[in-house]
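To be precise, the following lines are structure13.txt, and they hold compact mmCIF, C-alpha atoms.
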```txt
# COMPACT_ATOMS: atom_id res chain seq x y z
CA MET A 675 0.00 0.00 0.00
CA LYS A 676 1.43 3.38 -0.99
CA LYS A 677 1.24 6.24 1.49
CA VAL A 678 -0.34 9.57 0.54
CA MET A 679 -0.03 12.87 2.40
CA VAL A 680 -2.91 15.27 1.63
CA VAL A 681 -2.10 18.98 1.99
CA ASP A 682 -5.24 21.11 1.75
CA ASP A 683 -6.87 23.63 4.08
CA SER A 684 -10.30 22.04 3.45
CA ARG A 685 -11.31 18.95 5.38
CA ILE A 686 -13.90 18.35 2.68
CA VAL A 687 -10.99 17.68 0.34
CA HIS A 688 -9.30 15.42 2.93
CA LYS A 689 -12.49 13.39 3.16
CA ARG A 690 -13.04 13.35 -0.60
CA ILE A 691 -9.53 12.08 -1.37
CA LYS A 692 -9.86 9.37 1.30
CA GLU A 693 -13.13 8.25 -0.30
CA LEU A 694 -11.69 8.26 -3.82
CA LEU A 695 -8.73 6.12 -2.74
CA GLU A 696 -10.79 3.48 -0.94
CA GLY A 697 -10.09 0.05 -2.41
CA SER A 698 -7.05 1.30 -4.34
CA ASP A 699 -3.33 0.76 -3.78
CA TYR A 700 -3.11 4.14 -2.05
CA GLU A 701 -3.91 5.12 1.50
CA VAL A 702 -4.13 8.56 3.05
CA MET A 703 -1.90 8.38 6.10
CA CYS A 704 -1.66 12.06 6.91
CA CYS A 705 -3.75 15.17 6.25
CA CYS A 706 -2.18 18.60 6.70
CA ASN A 707 -4.15 21.85 6.80
CA SER A 708 -1.28 24.08 5.68
CA GLY A 709 2.02 24.10 3.87
CA GLU A 710 3.88 24.73 7.10
CA GLU A 711 2.29 21.65 8.66
CA ALA A 712 3.27 19.56 5.63
CA ILE A 713 6.91 20.66 5.81
CA SER A 714 7.12 19.82 9.49
CA HIS A 715 5.45 16.39 9.09
CA TYR A 716 7.14 15.20 5.91
CA GLU A 717 10.09 13.49 7.55
CA GLU A 718 7.86 11.83 10.13
CA TYR A 719 5.63 10.14 7.52
CA LEU A 720 7.87 9.96 4.42
CA PRO A 721 4.87 9.64 2.08
CA ASP A 722 5.16 8.04 -1.35
CA VAL A 723 3.17 10.92 -2.86
CA ILE A 724 1.93 14.30 -1.62
CA THR A 725 -1.24 15.88 -3.02
CA MET A 726 -0.70 19.63 -2.70
CA ASP A 727 -3.43 22.27 -2.91
CA ILE A 728 -2.26 25.60 -4.36
CA VAL A 729 -4.53 28.20 -2.71
CA MET A 730 -3.94 27.95 1.05
CA PRO A 731 -3.53 30.41 3.90
CA GLY A 732 0.13 31.06 4.74
CA ALA A 733 2.57 29.40 2.35
CA ASP A 734 0.78 28.54 -0.90
CA GLY A 735 1.16 25.17 -2.60
CA PHE A 736 3.95 26.27 -4.91
CA ASP A 737 6.07 27.72 -2.08
CA THR A 738 5.47 24.62 0.01
CA ALA A 739 6.35 22.27 -2.85
CA ARG A 740 9.55 24.23 -3.55
CA GLU A 741 10.56 24.04 0.11
CA ILE A 742 9.85 20.30 0.42
CA LEU A 743 11.71 19.54 -2.82
CA ASN A 744 14.60 21.69 -1.67
CA ARG A 745 14.88 19.70 1.56
CA TYR A 746 13.85 16.31 0.14
CA PRO A 747 14.65 16.16 -3.60
CA ASN A 748 13.10 12.69 -3.94
CA ALA A 749 9.68 13.87 -2.71
CA ARG A 750 6.89 13.22 -5.20
CA ILE A 751 4.33 15.97 -5.36
CA LEU A 752 1.04 16.23 -7.25
CA MET A 753 -0.43 19.72 -7.43
CA VAL A 754 -4.22 19.77 -6.89
CA SER A 755 -6.19 22.85 -7.83
CA SER A 756 -9.15 24.39 -9.59
CA LEU A 757 -6.66 26.89 -11.05
CA ALA A 758 -6.17 24.75 -14.11
CA TYR A 759 -4.58 26.74 -16.90
CA ASP A 760 -1.39 26.41 -18.89
CA GLN A 761 0.77 28.84 -16.91
CA MET A 762 -0.12 27.12 -13.62
CA ILE A 763 0.67 23.70 -15.06
CA ASP A 764 3.95 25.04 -16.48
CA GLU A 765 4.82 26.46 -13.06
CA ALA A 766 4.10 23.09 -11.43
CA VAL A 767 6.37 21.32 -13.92
CA LYS A 768 9.07 23.97 -13.46
CA ILE A 769 9.29 23.47 -9.71
CA GLY A 770 9.49 19.69 -10.09
CA ALA A 771 5.94 18.54 -9.35
CA LYS A 772 5.04 15.19 -10.88
CA GLY A 773 1.61 16.19 -12.11
CA PHE A 774 -1.45 18.36 -11.80
CA VAL A 775 -4.91 17.21 -10.73
CA PHE A 776 -7.91 19.43 -11.38
CA LYS A 777 -10.68 20.23 -8.92
CA PRO A 778 -13.41 19.07 -8.74
CA LEU A 779 -11.66 15.78 -8.13
CA ASP A 780 -12.33 12.81 -10.32
CA GLN A 781 -11.34 9.30 -9.22
CA GLU A 782 -9.86 8.14 -12.51
CA GLN A 783 -7.79 11.29 -12.96
CA LEU A 784 -6.56 11.15 -9.36
CA LEU A 785 -5.57 7.47 -9.51
CA ASN A 786 -3.83 7.85 -12.88
CA SER A 787 -1.91 10.88 -11.65
CA LEU A 788 -0.91 9.14 -8.42
CA GLU A 789 0.32 6.15 -10.38
CA HIS A 790 2.37 8.37 -12.65
CA ALA A 791 3.77 10.33 -9.71
CA ALA A 792 4.65 7.27 -7.66
CA LYS A 793 6.70 5.61 -10.44
CA MET B 1045 -6.46 42.27 -24.69
CA ASN B 1046 -5.27 44.65 -22.00
CA SER B 1047 -5.81 42.76 -18.78
CA LEU B 1048 -6.16 45.95 -16.77
CA THR B 1049 -9.37 46.92 -18.52
CA LEU B 1050 -10.80 43.47 -18.80
CA LEU B 1051 -14.19 44.38 -17.39
CA ASP B 1052 -14.41 47.83 -18.96
CA LYS B 1053 -14.00 46.49 -22.44
CA ASP B 1054 -15.56 43.08 -22.09
CA SER B 1055 -18.19 43.19 -19.39
CA ASN B 1056 -20.51 41.10 -21.55
CA LYS B 1057 -17.81 38.47 -21.90
CA ILE B 1058 -17.20 38.45 -18.16
CA ASP B 1059 -20.95 38.16 -17.50
CA ALA B 1060 -21.19 35.23 -19.87
CA LEU B 1061 -18.14 33.60 -18.34
CA ILE B 1062 -19.44 33.93 -14.77
CA GLN B 1063 -22.85 32.63 -15.80
CA LEU B 1064 -21.45 29.60 -17.61
CA VAL B 1065 -18.88 28.68 -14.95
CA THR B 1066 -21.26 29.15 -12.00
CA VAL B 1067 -23.96 26.96 -13.56
CA GLN B 1068 -21.40 24.28 -14.47
CA VAL B 1069 -19.64 24.25 -11.11
CA ALA B 1070 -22.93 24.16 -9.16
CA GLU B 1071 -24.09 21.18 -11.16
CA THR B 1072 -20.77 19.30 -11.09
CA VAL B 1073 -19.76 19.95 -7.50
CA ALA B 1074 -23.11 20.15 -5.73
CA ASN B 1075 -25.64 18.62 -8.14
CA VAL B 1076 -27.61 21.87 -8.05
CA LYS B 1077 -29.28 23.32 -11.11
CA LEU B 1078 -29.09 27.11 -11.41
CA ARG B 1079 -30.61 29.53 -13.88
CA ARG B 1080 -29.73 33.15 -14.37
CA GLU B 1081 -32.36 35.64 -13.19
CA ARG B 1082 -32.33 39.00 -14.92
CA SER B 1083 -35.15 40.67 -13.00
CA PRO B 1084 -34.42 42.08 -9.52
CA LEU B 1085 -34.49 39.43 -6.79
CA ASP B 1086 -35.92 39.69 -3.33
CA PHE B 1087 -33.14 38.16 -1.25
CA GLY B 1088 -34.00 36.66 2.12
CA VAL B 1089 -32.43 37.91 5.33
CA ASP B 1090 -30.53 34.68 6.00
CA MET B 1091 -27.60 35.24 3.67
CA CYS B 1092 -23.93 34.28 3.78
CA THR B 1093 -21.03 35.68 1.79
CA VAL B 1094 -17.76 34.22 0.58
CA TYR B 1095 -15.21 36.48 -1.04
CA THR B 1096 -11.67 36.64 -2.33
CA SER B 1097 -9.45 38.79 -4.51
CA THR B 1098 -6.97 37.94 -7.21
CA LYS B 1099 -3.27 38.64 -7.14
CA GLY B 1100 -0.99 38.73 -10.13
CA ALA B 1101 -1.51 40.39 -13.51
CA TYR B 1102 -4.78 42.02 -12.46
CA GLN B 1103 -6.65 42.71 -9.25
CA MET B 1104 -10.24 41.57 -9.10
CA ARG B 1105 -12.61 41.05 -6.17
CA LEU B 1106 -14.94 38.07 -6.41
CA VAL B 1107 -17.99 37.61 -4.19
CA LEU B 1108 -20.59 34.88 -3.78
CA CYS B 1109 -23.59 35.84 -1.69
CA ALA B 1110 -26.17 33.10 -1.17
CA GLU B 1111 -29.16 32.19 0.92
CA ARG B 1112 -28.16 29.86 3.73
CA SER B 1113 -30.54 27.16 2.51
CA PHE B 1114 -28.52 26.94 -0.72
CA LEU B 1115 -25.23 26.65 1.13
CA LEU B 1116 -26.72 24.08 3.51
CA ARG B 1117 -27.75 21.94 0.55
CA ILE B 1118 -24.35 22.12 -1.15
CA ALA B 1119 -22.64 21.37 2.19
CA GLU B 1120 -24.69 18.19 2.65
CA HIS B 1121 -23.89 17.14 -0.89
CA MET B 1122 -20.18 17.88 -0.65
CA LEU B 1123 -19.81 16.23 2.75
CA GLY B 1124 -22.01 13.28 1.80
CA GLU B 1125 -23.68 13.38 5.20
CA PRO B 1126 -25.95 15.63 7.28
CA ILE B 1127 -24.08 18.69 8.48
CA SER B 1128 -23.12 18.87 12.14
CA GLY B 1129 -22.91 22.63 12.56
CA PHE B 1130 -22.43 26.01 10.97
CA GLY B 1131 -18.73 25.22 10.52
CA ASP B 1132 -19.68 22.63 7.89
CA ILE B 1133 -21.60 25.25 5.90
CA GLU B 1134 -18.63 27.61 6.04
CA GLU B 1135 -16.22 24.87 5.02
CA ALA B 1136 -18.34 23.79 2.06
CA ALA B 1137 -19.06 27.35 0.94
CA LYS B 1138 -15.34 28.14 0.90
CA GLU B 1139 -14.42 25.01 -1.05
CA PHE B 1140 -17.29 25.53 -3.51
CA PHE B 1141 -16.19 29.13 -4.03
CA ASN B 1142 -12.56 28.05 -4.32
CA ILE B 1143 -13.48 25.80 -7.24
CA LEU B 1144 -15.71 28.48 -8.78
CA CYS B 1145 -12.97 31.13 -8.60
CA GLY B 1146 -10.34 28.73 -9.92
CA HIS B 1147 -12.45 28.13 -13.00
CA ILE B 1148 -13.21 31.83 -13.51
CA VAL B 1149 -9.56 32.89 -13.10
CA GLY B 1150 -8.45 29.95 -15.26
CA GLU B 1151 -10.83 30.88 -18.05
CA ILE B 1152 -9.71 34.53 -17.94
CA ALA B 1153 -6.12 33.29 -18.15
CA ARG B 1154 -6.93 31.20 -21.22
CA GLN B 1155 -8.83 33.99 -22.97
CA CYS B 1156 -6.59 36.93 -22.07
CA ARG B 1157 -3.22 35.21 -21.48
CA VAL B 1158 -2.80 36.77 -18.04
CA LYS B 1159 -1.54 34.91 -15.01
CA ALA B 1160 -3.24 35.35 -11.65
CA MET B 1161 -4.03 33.45 -8.47
CA PHE B 1162 -6.46 34.31 -5.70
CA THR B 1163 -6.28 34.52 -1.94
CA PRO B 1164 -7.94 31.83 0.24
CA PRO B 1165 -11.68 32.62 0.39
CA SER B 1166 -13.12 34.29 3.50
CA PHE B 1167 -16.61 33.66 4.84
CA VAL B 1168 -19.02 35.97 6.68
CA ARG B 1169 -22.60 35.59 7.79
CA GLY B 1170 -24.88 38.14 6.19
CA SER B 1171 -24.82 39.82 2.82
CA CYS B 1172 -21.77 41.79 1.90
CA PHE B 1173 -22.05 44.17 -1.01
CA MET B 1174 -19.01 45.63 -2.68
CA LYS B 1175 -18.26 49.22 -1.86
CA LYS B 1176 -18.05 51.19 -5.06
CA THR B 1177 -15.07 53.46 -5.36
CA GLY B 1178 -16.10 54.84 -8.71
CA LYS B 1179 -12.91 53.55 -10.29
CA GLN B 1180 -13.77 49.98 -11.00
CA ALA B 1181 -16.01 48.17 -13.42
CA GLU B 1182 -18.40 45.68 -11.91
CA SER B 1183 -20.30 42.65 -13.03
CA SER B 1184 -23.01 41.01 -10.93
CA ILE B 1185 -25.12 38.02 -11.89
CA CYS B 1186 -28.14 36.70 -9.99
CA PHE B 1187 -29.14 33.04 -10.01
CA VAL B 1188 -32.10 31.03 -8.76
CA SER B 1189 -31.86 27.31 -8.03
CA SER B 1190 -34.47 24.71 -8.94
CA GLN B 1191 -35.54 24.88 -5.29
CA ASN B 1192 -35.95 28.66 -5.49
CA GLU B 1193 -32.81 29.48 -3.49
CA LYS B 1194 -31.25 32.79 -4.52
CA LEU B 1195 -27.65 33.83 -4.89
CA TYR B 1196 -25.46 36.20 -6.81
CA VAL B 1197 -21.87 36.23 -7.98
CA SER B 1198 -20.12 39.58 -8.38
CA CYS B 1199 -16.74 40.65 -9.53
CA ASP B 1200 -15.10 43.98 -10.02
CA GLN B 1201 -11.74 44.93 -11.33
CA ILE B 1202 -9.60 47.51 -9.67
CA PRO B 1203 -7.19 49.03 -12.17
CA ILE B 1204 -3.56 48.57 -11.24
CA VAL B 1205 -1.85 51.89 -11.71
```
This entry written out as structure tokens:
Amino acid sequence: MKKVMVVDDSRIVHKRIKELLEGSDYEVMCCCNSGEEAISHYEEYLPDVITMDIVMPGADGFDTAREILNRYPNARILMVSSLAYDQMIDEAVKIGAKGFVFKPLDQEQLLNSLEHAAK
Amino acid sequence: MNSLTLLDKDSNKIDALIQLVTVQVAETVANVKLRRERSPLDFGVDMCTVYTSTKGAYQMRLVLCAERSFLLRIAEHMLGEPISGFGDIEEAAKEFFNILCGHIVGEIARQCRVKAMFTPPSFVRGSCFMKKTGKQAESSICFVSSQNEKLYVSCDQIPIV
């Protein structure tokens, strides 16, 4: 079972991702409400993949992803956002994210993206 | 297109965009059917407001003001269970609005080739109308749901000097 860390300030998203991963090879083992929380918990959980919201209070998803990848270059991060346009996707690729999942979340898209990111 | 005068020059386009995106997001995220209402609406007293502003190539304020019954219904749908308190309504309203704004800002980016993000949405009980400064263009669209719940989505653009 692969471990997923969910970083999103909405517990509705935490719940939704848990539901979408039920019965799959992925399990949510940690939910963080902010980028700061994710940075401080990364080493404790060492997730296989992180799903990272972009719009969050405090450090946004891009800043958080940059910081995690700076400290842990092997981290695998999937950006998750409703802000789905080319420049955002380019930015995600530029900082080293493994993919981009659009909100509202769709099970097939999420599982395919997780599989790609976890390779 | 000059992003700083997006609304001045293309208010009809912005109206159409907000209408299309709001109807689509409501149906996809909350299974709620909305139709645009062009005649003045008599809003109830039990209203809630979610708002944000963009940052980046242009500065725009975005507001969703809705009757609580509408937000209660989308909260139950998004949570997949009966709500346990007002916090659930706030949580769902913010996430719903987050998705709505992402799609609006994303569509503006595609059409105008301008990059922007938005701040995390804030929630207040009551209706919250934008204060006009006389310098910004404004677009405001009213909607009615199939269960006669009323809401409106507004945006204005403050020119960046």
Distance query stretch 1118-1135 of chain B at most 8 Å, all atoms listed in the file, self and fewer than 3 positions along chain excluded, as a ChimeraX atom specification: /A:684-686,689 /B:1073-1076,1114-1115,1138-1139,1167
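Comparing the minimum interatomic distances between chain B and each of A:Arg745, A:Lys677, A:Arg690, A:Arg740, counting all atoms listed in the file, we find that A:Arg690 sits nearest.
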Please provide as a tab-separated table (two decimals) with C-alpha atoms, keeping the file's coordinate frame all residues within 7 Å of stretch 760-769 of chain A, with the sequence filter that same-chain residues fewer than 5 positions apart are discarded (counting all atoms listed in the file).
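Result file is out03.tsv:
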```tsv
chain	number	residue	atom	x	y	z
A	740	ARG	CA	9.55	24.23	-3.55
A	753	MET	CA	-0.43	19.72	-7.43
A	774	PHE	CA	-1.45	18.36	-11.80
B	1159	LYS	CA	-1.54	34.91	-15.01
```
Please find the residues of chain A near chain B - the criterion being any atom within 12 Å, counting all atoms listed in the file - and write them as a count of residues only. 39
Give the answer as one residue: which of A:Ala792, A:Met675, A:Val681, A:Leu752 has the shortest atom-to-atom distance to A:Ser714, using all atoms listed in the file? A:Val681
Length of the atom CA of B:Leu1106 to atom CA of B:Cys1199 vector [Å]: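 Taking atom CA of B:Leu1106 and atom CA of B:Cys1199, their separation equals 4.4 Å.
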Report as an MDAnalysis selection string all protein, DNA and RNA residues lying within 9 Å of B:Val1107, evaluated on all atoms listed in the file, omitting residues in the same chain fewer than 4 positions from it. chainID B and resid 1093:1097 1141 1172:1174 1196:1199
Selection near A:Leu785, 12 Å with all atoms listed in the file, sequence-local residues under 6 positions removed, as a PyMOL selection string: chain A and resi 676+678+691-701+723+725+752+773-775+779+791-792
Find the distance between atom CA of B:Ser1190 and atom CA of B:Lys1057 and write it in Å to one decimal.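 Distance between the two atoms: 25.2 Å.
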As an exercise, work out the distance from atom CA of B:Leu1195 to atom CA of A:Gln781 in Å and give it to one decimal place.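 Straight-line distance from atom CA of B:Leu1195 to atom CA of A:Gln781 works out to 29.8 Å.
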Give me, as a PyMOL selection string, all polymer residues having an atom no more than 8 Å from B:Ile1062, counting all atoms listed in the file and skipping those fewer than 3 positions away in the same chain. chain B and resi 1058-1059+1065-1066+1148+1185+1197
